[in-house]
$ cat my_file.tsv   # TSV, C-alpha atoms and all ligand atoms
chain	number	residue	atom	x	y	z
L	1	MET	CA	0.00	0.00	0.00
L	2	SER	CA	1.09	3.54	-0.71
L	3	VAL	CA	0.18	6.97	0.59
L	4	ILE	CA	-1.97	7.55	-2.49
L	5	ASN	CA	-5.60	8.07	-1.62
L	6	PRO	CA	-7.42	5.63	-3.96
L	7	SER	CA	-10.40	7.96	-4.28
L	8	ASN	CA	-8.21	10.82	-5.44
L	9	PRO	CA	-4.91	9.49	-6.83
L	10	GLN	CA	-4.35	12.36	-9.22
L	11	ASN	CA	-2.97	14.99	-6.91
L	12	ALA	CA	-0.37	12.75	-5.30
L	13	LEU	CA	0.82	11.21	-8.55
L	14	ARG	CA	1.38	14.43	-10.46
L	15	SER	CA	4.94	15.75	-10.46
L	16	THR	CA	5.33	18.90	-8.39
L	17	GLN	CA	7.29	20.66	-11.14
L	18	ASP	CA	4.65	19.73	-13.71
L	19	LYS	CA	2.06	21.45	-11.49
L	20	GLU	CA	4.17	24.54	-10.89
L	21	ILE	CA	5.37	25.21	-14.43
L	22	PHE	CA	1.85	24.43	-15.72
L	23	LYS	CA	0.42	27.19	-13.49
L	24	ARG	CA	3.07	29.64	-14.63
L	25	LEU	CA	2.56	28.82	-18.31
L	26	LEU	CA	-1.19	29.38	-18.10
L	27	GLN	CA	-0.44	32.91	-16.92
L	28	ASP	CA	1.86	33.63	-19.84
L	29	PRO	CA	0.17	36.20	-22.11
L	30	ILE	CA	1.06	34.34	-25.33
L	31	ILE	CA	-0.27	31.02	-24.01
L	32	ASP	CA	-3.32	32.74	-22.55
L	33	GLN	CA	-4.19	34.37	-25.84
L	34	LEU	CA	-3.66	31.13	-27.74
L	35	CYS	CA	-5.91	29.20	-25.34
L	36	LYS	CA	-8.65	31.77	-25.80
L	37	GLN	CA	-8.37	31.52	-29.58
L	38	ILE	CA	-8.55	27.73	-29.47
L	39	ALA	CA	-11.53	27.77	-27.09
L	40	LYS	CA	-13.36	30.18	-29.37
L	41	HIS	CA	-12.69	27.94	-32.32
L	42	GLU	CA	-13.94	24.89	-30.43
L	43	GLN	CA	-17.16	26.62	-29.47
L	44	GLN	CA	-18.09	26.73	-33.12
L	45	GLY	CA	-18.57	22.96	-33.12
L	46	PRO	CA	-16.62	19.68	-33.10
L	47	GLN	CA	-13.19	19.88	-34.68
L	48	GLY	CA	-13.62	16.64	-36.59
L	49	THR	CA	-11.29	14.58	-34.41
L	50	ARG	CA	-13.68	11.65	-34.23
L	51	ARG	CA	-14.55	11.91	-37.91
L	52	GLN	CA	-10.81	11.83	-38.66
L	53	LEU	CA	-10.21	8.82	-36.41
L	54	LEU	CA	-13.16	6.89	-37.84
L	55	SER	CA	-11.92	7.46	-41.35
L	56	THR	CA	-8.25	6.65	-40.80
L	57	SER	CA	-8.19	4.13	-37.92
L	58	ILE	CA	-9.99	1.05	-36.69
L	59	ARG	CA	-12.23	1.60	-33.72
L	60	ILE	CA	-11.58	-1.19	-31.23
L	61	SER	CA	-14.81	-2.43	-29.67
L	62	GLN	CA	-15.12	-4.40	-26.46
L	63	LYS	CA	-16.01	-7.50	-28.52
L	64	MET	CA	-12.93	-7.20	-30.71
L	65	ALA	CA	-10.52	-6.95	-27.80
L	66	PRO	CA	-12.09	-8.08	-24.54
L	67	GLU	CA	-8.76	-8.26	-22.68
L	68	LEU	CA	-7.64	-4.81	-23.81
L	69	SER	CA	-11.05	-3.42	-22.85
L	70	LYS	CA	-10.74	-5.03	-19.45
L	71	ILE	CA	-7.34	-3.54	-18.66
L	72	THR	CA	-8.51	-0.17	-19.96
L	73	SER	CA	-11.49	-0.29	-17.59
L	74	GLU	CA	-9.15	-1.15	-14.73
L	75	CYS	CA	-6.98	1.87	-15.53
L	76	VAL	CA	-10.03	4.12	-15.84
L	77	GLU	CA	-11.21	3.00	-12.42
L	78	LYS	CA	-7.81	3.26	-10.78
L	79	LEU	CA	-7.19	6.77	-12.07
L	80	ASP	CA	-10.78	7.87	-11.44
L	81	VAL	CA	-11.37	8.95	-15.04
L	82	ASP	CA	-14.93	10.15	-15.52
L	83	ILE	CA	-15.39	10.39	-19.27
L	84	PRO	CA	-16.46	7.79	-21.87
L	85	LEU	CA	-13.49	6.36	-23.72
L	86	GLU	CA	-13.01	5.12	-27.27
L	87	LEU	CA	-9.99	3.12	-28.42
L	88	TYR	CA	-8.53	3.19	-31.91
L	89	ALA	CA	-5.74	1.40	-33.77
L	90	TYR	CA	-3.90	2.84	-36.73
L	91	ASN	CA	-1.45	1.23	-39.09
L	92	SER	CA	2.17	2.04	-38.26
L	93	PRO	CA	5.45	0.19	-37.79
L	94	ASN	CA	6.46	2.65	-35.04
L	95	PHE	CA	5.47	1.97	-31.45
L	96	ASN	CA	3.28	4.83	-30.40
L	97	ALA	CA	0.12	5.73	-28.54
L	98	ALA	CA	-1.65	9.03	-27.98
L	99	CYS	CA	-4.49	10.51	-26.05
L	100	VAL	CA	-6.48	12.98	-28.10
L	101	LYS	CA	-8.13	15.97	-26.48
L	102	PRO	CA	-11.78	15.13	-25.74
L	103	GLU	CA	-14.45	16.14	-28.16
L	104	GLU	CA	-18.16	16.25	-27.36
L	105	GLY	CA	-17.65	14.50	-24.03
L	106	ARG	CA	-15.62	11.58	-25.37
L	107	LEU	CA	-11.96	10.80	-24.86
L	108	PHE	CA	-9.91	8.96	-27.49
L	109	ILE	CA	-6.86	6.80	-27.10
L	110	MET	CA	-5.10	5.64	-30.22
L	111	PHE	CA	-2.48	2.90	-30.52
L	112	SER	CA	-0.22	2.05	-33.41
L	113	SER	CA	-0.80	-1.45	-34.76
L	114	SER	CA	2.79	-2.52	-34.02
L	115	LEU	CA	2.48	-1.50	-30.37
L	116	LEU	CA	-0.66	-3.59	-29.90
L	117	ASP	CA	1.06	-6.53	-31.57
L	118	ALA	CA	4.25	-6.35	-29.52
L	119	PHE	CA	3.23	-5.30	-26.00
L	120	ASP	CA	1.91	-7.73	-23.42
L	121	PHE	CA	-1.02	-6.80	-21.19
L	122	ALA	CA	1.03	-5.56	-18.25
L	123	GLU	CA	3.02	-3.32	-20.60
L	124	LEU	CA	-0.20	-2.11	-22.23
L	125	LYS	CA	-1.52	-1.16	-18.81
L	126	PHE	CA	1.43	1.17	-18.44
L	127	VAL	CA	0.75	2.66	-21.87
L	128	VAL	CA	-2.99	3.13	-21.24
L	129	GLY	CA	-2.33	4.59	-17.78
L	130	HIS	CA	0.25	6.95	-19.25
L	131	GLU	CA	-2.20	8.22	-21.89
L	132	LEU	CA	-5.02	8.62	-19.36
L	133	GLY	CA	-2.53	10.48	-17.18
L	134	HIS	CA	-2.29	13.23	-19.80
L	135	PHE	CA	-6.06	13.62	-19.56
L	136	ILE	CA	-6.43	13.62	-15.76
L	137	PHE	CA	-3.57	16.10	-15.34
L	138	GLN	CA	-5.18	18.39	-17.96
L	139	HIS	CA	-2.06	18.44	-20.05
L	140	HIS	CA	-4.17	19.21	-23.10
L	141	ASP	CA	-4.83	22.68	-21.67
L	142	ILE	CA	-1.43	23.85	-22.82
L	143	PRO	CA	-1.13	23.81	-26.60
L	144	VAL	CA	2.54	22.85	-26.75
L	145	GLY	CA	2.28	21.70	-30.36
L	146	TYR	CA	0.90	24.99	-31.59
L	147	VAL	CA	3.69	27.00	-30.03
L	148	LEU	CA	6.58	24.70	-30.91
L	149	LYS	CA	5.43	24.25	-34.47
L	150	GLY	CA	5.82	27.99	-34.86
L	151	LYS	CA	2.18	28.98	-35.12
L	152	THR	CA	2.80	31.88	-32.73
L	153	GLN	CA	5.64	34.29	-32.07
L	154	ALA	CA	6.92	32.52	-28.97
L	155	GLY	CA	10.51	33.44	-28.22
L	156	PRO	CA	13.17	30.88	-27.33
L	157	ALA	CA	12.65	31.47	-23.60
L	158	LEU	CA	9.01	30.41	-23.80
L	159	ALA	CA	9.91	27.49	-26.05
L	160	LEU	CA	12.45	26.30	-23.49
L	161	GLN	CA	9.95	26.63	-20.68
L	162	LEU	CA	7.39	24.66	-22.68
L	163	THR	CA	9.76	21.81	-23.49
L	164	SER	CA	10.94	21.73	-19.91
L	165	TRP	CA	7.31	21.56	-18.70
L	166	SER	CA	6.52	18.94	-21.30
L	167	ARG	CA	9.22	16.65	-19.91
L	168	TYR	CA	7.79	16.94	-16.40
L	169	ALA	CA	4.33	16.30	-17.87
L	170	GLU	CA	5.69	13.04	-19.29
L	171	ILE	CA	7.06	12.16	-15.86
L	172	SER	CA	3.57	12.66	-14.39
L	173	ALA	CA	1.95	10.58	-17.12
L	174	ASP	CA	4.55	7.84	-16.60
L	175	ARG	CA	3.64	7.76	-12.91
L	176	ALA	CA	-0.03	7.33	-13.77
L	177	GLY	CA	0.99	4.44	-16.04
L	178	ALA	CA	3.20	2.89	-13.38
L	179	TYR	CA	0.43	3.26	-10.82
L	180	CYS	CA	-1.93	1.32	-13.11
L	181	CYS	CA	0.62	-1.33	-14.05
L	182	ASN	CA	2.00	-1.73	-10.53
L	183	ASP	CA	5.02	-3.74	-11.69
L	184	PHE	CA	8.32	-1.95	-12.24
L	185	ASN	CA	9.79	-4.67	-14.41
L	186	SER	CA	6.92	-4.49	-16.91
L	187	VAL	CA	7.08	-0.70	-16.89
L	188	ALA	CA	10.79	-0.74	-17.67
L	189	LYS	CA	10.28	-3.40	-20.33
L	190	ALA	CA	7.64	-1.25	-22.01
L	191	LEU	CA	10.05	1.69	-22.07
L	192	PHE	CA	12.82	-0.54	-23.36
L	193	LYS	CA	10.59	-1.64	-26.25
L	194	LEU	CA	9.58	1.95	-26.96
L	195	ALA	CA	13.20	3.13	-26.97
L	196	SER	CA	14.77	0.28	-28.90
L	197	GLY	CA	11.94	-1.02	-31.06
L	198	ILE	CA	13.22	-4.49	-30.19
L	199	THR	CA	10.75	-7.23	-29.35
L	200	SER	CA	12.52	-10.38	-30.53
L	201	SER	CA	14.59	-12.60	-28.28
L	202	ILE	CA	17.86	-11.70	-30.01
L	203	VAL	CA	18.36	-8.84	-27.58
L	204	LYS	CA	17.01	-9.61	-24.15
L	205	PHE	CA	15.79	-6.93	-21.83
L	206	ASN	CA	18.07	-6.34	-18.87
L	207	LEU	CA	16.93	-3.88	-16.25
L	208	ASP	CA	20.33	-3.32	-14.64
L	209	ALA	CA	21.98	-2.65	-17.98
L	210	PHE	CA	19.24	-0.22	-18.93
L	211	LEU	CA	19.63	1.69	-15.66
L	212	LYS	CA	23.42	1.74	-16.01
L	213	GLN	CA	22.93	3.69	-19.22
L	214	VAL	CA	21.84	6.68	-17.12
L	215	GLU	CA	25.00	6.46	-15.05
L	216	ALA	CA	27.03	6.28	-18.24
L	217	MET	CA	25.24	9.38	-19.48
L	218	LYS	CA	26.24	11.24	-16.32
L	219	VAL	CA	29.86	10.25	-16.82
L	220	GLU	CA	29.80	11.44	-20.42
L	221	ASP	CA	28.31	14.71	-19.24
L	222	ASP	CA	31.06	15.22	-16.69
L	223	ALA	CA	33.71	14.41	-19.27
L	224	LEU	CA	32.31	17.12	-21.53
L	225	ALA	CA	32.61	19.59	-18.68
L	226	ASN	CA	28.84	19.47	-18.55
L	227	SER	CA	27.86	20.68	-21.96
L	228	SER	CA	24.39	19.31	-22.50
L	229	PHE	CA	23.62	18.87	-26.15
L	230	GLU	CA	21.51	21.49	-27.77
L	231	LYS	CA	19.02	19.01	-29.11
L	232	ASP	CA	18.23	17.87	-25.56
L	233	TRP	CA	16.86	21.27	-24.74
L	234	PHE	CA	14.03	21.03	-27.16
L	235	MET	CA	13.14	17.43	-26.62
L	236	THR	CA	9.63	17.25	-25.27
L	237	HIS	CA	9.99	13.65	-24.06
L	238	PRO	CA	12.58	12.84	-21.46
L	239	PHE	CA	15.29	10.61	-22.84
L	240	SER	CA	14.18	7.07	-22.21
L	241	PRO	CA	16.83	5.84	-19.71
L	242	LEU	CA	16.01	8.91	-17.65
L	243	ARG	CA	12.36	7.91	-17.69
L	244	VAL	CA	13.24	4.45	-16.42
L	245	LYS	CA	15.40	5.95	-13.69
L	246	ALA	CA	12.59	8.36	-12.77
L	247	LEU	CA	10.18	5.45	-12.55
L	248	GLN	CA	12.58	3.48	-10.41
L	249	LEU	CA	12.64	6.40	-7.98
L	250	PHE	CA	8.83	6.42	-8.09
L	251	HIS	CA	8.64	2.72	-7.26
L	252	GLN	CA	10.97	3.23	-4.31
L	253	SER	CA	8.88	6.12	-2.99
L	254	GLU	CA	5.95	6.27	-0.62
L	255	LEU	CA	3.70	6.73	-3.66
L	256	ALA	CA	4.30	3.10	-4.56
L	257	MET	CA	4.99	1.42	-1.23
L	258	THR	CA	4.61	1.83	2.49
L	259	GLY	CA	7.72	3.24	4.09
L	260	GLY	CA	9.18	4.33	0.75
L	261	THR	CA	11.11	7.57	0.34
L	262	LYS	CA	9.12	10.76	0.91
L	263	LYS	CA	7.55	12.47	-2.06
L	264	ALA	CA	9.75	15.56	-1.56
L	265	GLU	CA	12.82	13.35	-1.83
L	266	LEU	CA	11.41	11.68	-4.94
L	267	GLU	CA	10.89	15.07	-6.59
L	268	LEU	CA	14.42	16.08	-5.73
L	269	GLY	CA	15.73	12.97	-7.45
L	270	ILE	CA	13.68	13.89	-10.52
L	271	GLU	CA	15.17	17.40	-10.55
L	272	GLY	CA	18.62	15.87	-10.51
L	273	LEU	CA	17.77	13.73	-13.55
L	274	MET	CA	16.23	16.65	-15.39
L	275	ALA	CA	19.33	18.73	-14.78
L	276	LEU	CA	21.03	16.36	-17.23
L	277	MET	CA	18.77	17.71	-19.95
L	278	GLU	CA	19.01	21.39	-19.12
L	279	PRO	CA	21.09	23.53	-21.47
L	280	SER	CA	24.61	24.19	-20.25
L	281	TYR	CA	25.32	27.55	-18.70
L	282	LEU	CA	29.02	27.44	-19.48
L	283	GLU	CA	28.68	29.05	-22.90
L	284	ALA	CA	25.27	30.71	-22.73
L	285	LYS	CA	25.24	34.49	-22.98
L	286	THR	CA	22.31	35.24	-20.70
L	287	ASP	CA	22.73	37.14	-17.41
L	288	SER	CA	21.51	34.14	-15.45
L	289	ALA	CA	24.18	31.93	-17.07
L	290	LYS	CA	26.82	34.57	-16.34
L	291	ALA	CA	25.81	34.59	-12.67
L	292	MET	CA	26.21	30.81	-12.63
L	293	ARG	CA	29.70	31.04	-14.14
L	294	HIS	CA	30.82	33.71	-11.66
L	295	CYS	CA	29.67	31.52	-8.84
L	296	LEU	CA	31.33	28.45	-10.33
L	297	PHE	CA	34.57	30.37	-10.72
L	298	ALA	CA	34.76	31.49	-7.09
L	299	GLY	CA	33.24	28.29	-5.71
L	300	SER	CA	35.52	25.87	-7.51
L	301	LEU	CA	38.67	27.76	-6.46
L	302	LEU	CA	37.55	27.92	-2.84
L	303	ILE	CA	36.75	24.20	-2.81
L	304	ALA	CA	40.13	23.46	-4.38
L	305	ASN	CA	41.82	25.58	-1.73
L	306	ALA	CA	39.79	24.13	1.16
L	307	ASN	CA	42.88	22.45	2.59
L	308	GLY	CA	45.05	25.51	1.97
L	309	HIS	CA	46.68	24.24	-1.20
L	310	ILE	CA	45.59	23.82	-4.84
L	311	SER	CA	46.92	20.63	-6.41
L	312	ASP	CA	47.77	19.94	-10.06
L	313	TYR	CA	44.66	17.75	-10.34
L	314	GLU	CA	42.58	20.64	-9.12
L	315	ILE	CA	44.17	23.05	-11.55
L	316	SER	CA	43.38	20.72	-14.44
L	317	ALA	CA	39.78	20.31	-13.17
L	318	PHE	CA	39.52	24.10	-13.11
L	319	GLU	CA	40.85	24.41	-16.64
L	320	LYS	CA	38.41	21.78	-17.83
L	321	LEU	CA	35.64	24.11	-16.71
L	322	PHE	CA	37.10	27.43	-17.80
L	323	GLY	CA	39.58	26.60	-20.54
L	324	GLU	CA	43.29	25.84	-20.93
L	325	SER	CA	45.73	28.18	-19.20
L	326	GLU	CA	42.90	30.06	-17.51
L	327	TYR	CA	44.32	29.23	-14.12
L	328	SER	CA	46.58	31.72	-12.43
L	329	ASP	CA	48.54	31.64	-9.16
L	330	ASP	CA	47.56	35.25	-8.62
L	331	PHE	CA	43.87	34.65	-7.97
L	332	ASN	CA	42.87	36.57	-4.87
L	333	LEU	CA	41.14	33.82	-2.90
L	334	GLU	CA	40.28	36.02	0.07
L	335	LYS	CA	38.49	38.46	-2.13
L	336	LEU	CA	36.66	35.63	-3.89
L	337	ALA	CA	35.58	34.20	-0.54
L	338	ALA	CA	34.17	37.57	0.43
L	339	LYS	CA	32.27	37.85	-2.85
L	340	LEU	CA	30.90	34.32	-2.80
L	341	PRO	CA	27.67	34.96	-0.83
L	342	SER	CA	26.55	37.75	-3.15
L	343	ARG	CA	27.39	35.62	-6.21
L	344	CYS	CA	25.33	32.78	-4.77
L	345	GLU	CA	22.51	35.20	-4.07
L	346	GLN	CA	22.53	36.32	-7.71
L	347	VAL	CA	22.31	32.72	-8.90
L	348	LEU	CA	19.48	32.05	-6.48
L	349	GLN	CA	17.53	35.01	-7.84
L	350	SER	CA	17.90	34.13	-11.50
L	351	ASN	CA	18.07	30.34	-11.82
L	352	SER	CA	15.69	27.44	-11.27
L	353	LEU	CA	16.45	24.56	-8.93
L	354	PRO	CA	17.58	22.14	-11.70
L	355	LYS	CA	20.04	24.78	-12.94
L	356	ARG	CA	21.39	25.39	-9.44
L	357	MET	CA	21.76	21.65	-9.06
L	358	GLN	CA	23.80	21.66	-12.26
L	359	LEU	CA	26.11	24.19	-10.64
L	360	VAL	CA	26.46	22.11	-7.49
L	361	ARG	CA	27.20	19.07	-9.62
L	362	ASP	CA	29.95	20.96	-11.44
L	363	LEU	CA	31.37	22.18	-8.15
L	364	SER	CA	31.41	18.59	-6.93
L	365	THR	CA	33.73	17.65	-9.82
L	366	MET	CA	36.24	20.00	-8.22
L	367	ALA	CA	35.76	18.38	-4.84
L	368	LYS	CA	36.33	15.00	-6.48
L	369	ALA	CA	39.28	16.18	-8.58
L	370	ASP	CA	41.92	14.18	-6.72
L	371	ASN	CA	39.65	11.13	-6.39
L	372	HIS	CA	39.01	11.81	-2.76
L	373	VAL	CA	36.57	14.21	-1.19
L	374	GLY	CA	38.14	15.64	1.96
L	375	GLU	CA	36.10	16.82	4.91
L	376	LYS	CA	37.10	20.44	4.37
L	377	GLU	CA	36.23	20.32	0.67
L	378	LEU	CA	32.87	18.81	1.49
L	379	ALA	CA	32.21	21.52	4.08
L	380	VAL	CA	32.86	24.29	1.51
L	381	LEU	CA	30.68	22.51	-1.05
L	382	GLU	CA	27.86	22.05	1.44
L	383	ASN	CA	28.10	25.67	2.46
L	384	ILE	CA	27.76	26.82	-1.15
L	385	ALA	CA	24.88	24.38	-1.79
L	386	GLY	CA	23.17	25.85	1.27
L	387	MET	CA	23.51	29.39	-0.07
L	388	LEU	CA	22.09	28.17	-3.40
L	389	ASP	CA	19.18	26.55	-1.60
L	390	VAL	CA	20.09	23.14	-2.99
L	391	PRO	CA	19.26	20.44	-0.42
L	392	ASN	CA	22.12	18.62	1.22
L	393	LEU	CA	20.58	15.37	0.09
L	394	PHE	CA	21.56	16.23	-3.46
L	395	VAL	CA	25.14	17.00	-2.41
L	396	ASN	CA	25.32	13.54	-0.84
L	397	GLN	CA	23.94	12.04	-4.04
L	398	VAL	CA	26.51	13.67	-6.34
L	399	ILE	CA	29.37	12.85	-4.00
L	400	ALA	CA	28.24	9.22	-3.77
L	401	ASP	CA	27.69	8.99	-7.53
L	402	SER	CA	31.29	8.31	-8.45
L	403	SER	CA	31.50	5.27	-6.20
L	404	VAL	CA	28.47	3.73	-7.94
L	405	LEU	CA	30.27	3.67	-11.23
L	406	ASP	CA	32.45	0.88	-12.40
L	501	ZN	ZN	3.10	11.07	-23.07
$ encode --input "my_file.tsv" --output "structure tokens"
Amino acid sequence: MSVINPSNPQNALRSTQDKEIFKRLLQDPIIDQLCKQIAKHEQQGPQGTRRQLLSTSIRISQKMAPELSKITSECVEKLDVDIPLELYAYNSPNFNAACVKPEEGRLFIMFSSSLLDAFDFAELKFVVGHELGHFIFQHHDIPVGYVLKGKTQAGPALALQLTSWSRYAEISADRAGAYCCNDFNSVAKALFKLASGITSSIVKFNLDAFLKQVEAMKVEDDALANSSFEKDWFMTHPFSPLRVKALQLFHQSELAMTGGTKKAELELGIEGLMALMEPSYLEAKTDSAKAMRHCLFAGSLLIANANGHISDYEISAFEKLFGESEYSDDFNLEKLAAKLPSRCEQVLQSNSLPKRMQLVRDLSTMAKADNHVGEKELAVLENIAGMLDVPNLFVNQVIADSSVLD
């Protein structure tokens, strides 16, 4: 049993960041105007969604697929969905499913033919739950597609916020799916199939290997001095190993079992994963990125000097962050120490929690530079994390991370 109230599972399941960014987006003038336009359009009559589905897809009746209907009903009941549902299948070799915005009081879920052929019932429960999740969390209220496809004059800042929200929305939907499926192995297998397209026995699913891929991704990131790839920024779906990792955290939390980790701790873990997909601040020209770099500059030198001496390893770690021959013996460390609180304050004012976690993660590479995190280094790092309002739990996580790797 979990802490989820079975008569109202929606609030507990939904990711906190999904809720918060969603609220903010609805207040954005561009989004607001767009929503009003769409609502006005919809008032003029049905938009032909059902007509379109009936003419291009097969409607799956209860008689045609009794087992699929049964699991769908179970998901509907578990998630407390109160709208009639119609299922459709369309012809496609790509695994996919979608939940279409309701029309005239009916909700539609469509599956690609290949997905229905290749997924077992437990995996389908995850898929159905995921799609229903988009409906119960009202994700359709934000017209992401319209904005990202360039139908409005949204600037890059809004586009980034939308894609960032969209990834958290997927995390919420995944939790709804996992809640319905109630079996982490099947959930992970479904994501493995979605990511790889593989269903034969030539490549066998291996949960540990799949999870290790996330760790490998973190190592790659560190090696690149944390330059996230540009294409990650605009990906609306979280990269699949990250989704598996996020779902593992969910299954270990109080939302999935008695005595599991607290929801706040779960959300913190999610932020840490999402930080891997945030754009890097090391090259960005914005003021908020500049504030991050100033803080990294002072912070990394002070961590390096925690024991009163900066080693060659630490100098090379510093140059990895700031560039070759950027290190100088003449840095005024006392002055930097005095400036550090105000630099942290600036970061705090202008950067989100995942970004600040990125900074703490980069600072931790300095603490780990000589393969050993000393007590004094840790104390400086924890002090900076405190000023950045990044929980100590995360510091412990990043410090422990290296020992997990083989
Ligand atoms: Zn989705």
$ closest_residue --input "my_file.tsv" --among "L:Leu79, L:Val395, L:Ala89, L:Leu132" --to "ligand ZN 501 (chain L)" --atoms "all atoms listed in the file"
L:Leu132
$ closest_residue --input "my_file.tsv" --among "L:Ser166, L:Gln17, L:Ser200, L:Ser57" --to "ligand ZN 501 (chain L)" --atoms "all atoms listed in the file"
L:Ser166
$ atom_distance --input "my_file.tsv" --atom1 "atom CA of L:Gly197" --atom2 "atom CA of L:Arg167"
21.1 Å
$ closest_residue --input "my_file.tsv" --among "L:Val3, L:Leu194, L:Leu53, L:Ile38" --to "ligand ZN 501 (chain L)" --atoms "all atoms listed in the file"
L:Leu194
$ closest_residue --input "my_file.tsv" --among "L:Gly129, L:Gly48, L:Pro66, L:Pro93" --to "ligand ZN 501 (chain L)" --atoms "all atoms listed in the file"
L:Gly129
$ residues_around --input "my_file.tsv" --residues "L:Asn371" --least-positions-apart "3" --cutoff "12 Å" --atoms "all atoms listed in the file" --output "PyMOL selection string"
chain L and resi 311+313-314+317+364-368+374+399-400+402-403
$ residues_around --input "my_file.tsv" --residues "L:Phe297" --least-positions-apart "6" --cutoff "10 Å" --atoms "all atoms listed in the file" --output "number ranges by chain"
L: 291, 318, 321-322, 336, 340, 343, 363
$ residues_near_ligand --input "my_file.tsv" --ligand "ligand ZN 501 (chain L)" --cutoff "8 Å" --atoms "only C-alpha atoms and all ligand atoms" --output "PDB file with C-alpha atoms, keeping the file's coordinate frame"
ATOM      1  CA  ALA L  98      -1.650   9.030 -27.980  1.00  0.00           C
ATOM      2  CA  HIS L 130       0.250   6.950 -19.250  1.00  0.00           C
ATOM      3  CA  GLU L 131      -2.200   8.220 -21.890  1.00  0.00           C
ATOM      4  CA  HIS L 134      -2.290  13.230 -19.800  1.00  0.00           C
ATOM      5  CA  ALA L 169       4.330  16.300 -17.870  1.00  0.00           C
ATOM      6  CA  GLU L 170       5.690  13.040 -19.290  1.00  0.00           C
ATOM      7  CA  ALA L 173       1.950  10.580 -17.120  1.00  0.00           C
ATOM      8  CA  ASP L 174       4.550   7.840 -16.600  1.00  0.00           C
ATOM      9  CA  HIS L 237       9.990  13.650 -24.060  1.00  0.00           C
TER      10      HIS L 237
END
$ closest_residue --input "my_file.tsv" --among "L:Leu34, L:Pro29, L:Gly133, L:Lys245" --to "L:Asp208" --atoms "all atoms listed in the file"
L:Lys245
$ atom_distance --input "my_file.tsv" --atom1 "atom CA of L:Gly45" --atom2 "atom CA of L:Leu107"
16.1 Å
$ atom_distance --input "my_file.tsv" --atom1 "atom CA of L:Pro143" --atom2 "atom CA of L:Pro84"
22.7 Å
$ closest_residue --input "my_file.tsv" --among "L:Lys125, L:Ser201, L:Ala209, L:Leu160" --to "L:Ile21" --atoms "only C-alpha atoms"
L:Leu160
$ residues_around --input "my_file.tsv" --residues "L:Phe331" --least-positions-apart "3" --cutoff "12 Å" --atoms "all atoms listed in the file" --output "VMD selection string"
chain L and resid 297 to 298 301 to 302 305 310 326 to 328 334 to 337
$ residues_around --input "my_file.tsv" --residues "L:Glu42" --least-positions-apart "6" --cutoff "12 Å" --atoms "all atoms listed in the file" --output "PyMOL selection string"
chain L and resi 35-36+48-49+101-104
$ residues_near_point --input "my_file.tsv" --point "(4.2, -4.0, -22.2)" --cutoff "7 Å" --atoms "all atoms listed in the file" --output "list of chain:residue names"
L:Phe119, L:Asp120, L:Phe121, L:Ala122, L:Glu123, L:Leu124, L:Phe126, L:Ser186, L:Val187, L:Lys189, L:Ala190
$ write_last_selection --input "my_file.tsv" --atoms "C-alpha atoms" --output "CSV table (one decimal), in the coordinates of the input"
chain,number,residue,atom,x,y,z
L,119,PHE,CA,3.2,-5.3,-26.0
L,120,ASP,CA,1.9,-7.7,-23.4
L,121,PHE,CA,-1.0,-6.8,-21.2
L,122,ALA,CA,1.0,-5.6,-18.2
L,123,GLU,CA,3.0,-3.3,-20.6
L,124,LEU,CA,-0.2,-2.1,-22.2
L,126,PHE,CA,1.4,1.2,-18.4
L,186,SER,CA,6.9,-4.5,-16.9
L,187,VAL,CA,7.1,-0.7,-16.9
L,189,LYS,CA,10.3,-3.4,-20.3
L,190,ALA,CA,7.6,-1.2,-22.0
$ build_atoms --input "my_file.tsv" --residues "stretch 52-57 of chain L" --atoms "N, CA, C and O atoms" --output "compact mmCIF listing (two decimals), keeping the file's coordinate frame"
# COMPACT_ATOMS: atom_id res chain seq x y z
N GLN L 52 -12.15 12.14 -38.17
CA GLN L 52 -10.81 11.83 -38.66
C GLN L 52 -10.38 10.43 -38.21
O GLN L 52 -9.89 9.63 -39.01
N LEU L 53 -10.60 10.13 -36.93
CA LEU L 53 -10.21 8.82 -36.41
C LEU L 53 -11.00 7.71 -37.09
O LEU L 53 -10.44 6.68 -37.47
N LEU L 54 -12.31 7.92 -37.24
CA LEU L 54 -13.16 6.89 -37.84
C LEU L 54 -12.78 6.63 -39.29
O LEU L 54 -12.95 5.52 -39.80
N SER L 55 -12.24 7.65 -39.93
CA SER L 55 -11.92 7.46 -41.35
C SER L 55 -10.50 6.96 -41.58
O SER L 55 -10.17 6.50 -42.66
N THR L 56 -9.64 7.06 -40.57
CA THR L 56 -8.25 6.65 -40.80
C THR L 56 -7.81 5.49 -39.91
O THR L 56 -6.74 4.93 -40.10
N SER L 57 -8.60 5.16 -38.88
CA SER L 57 -8.19 4.13 -37.92
C SER L 57 -9.32 3.14 -37.70
O SER L 57 -10.45 3.38 -38.11
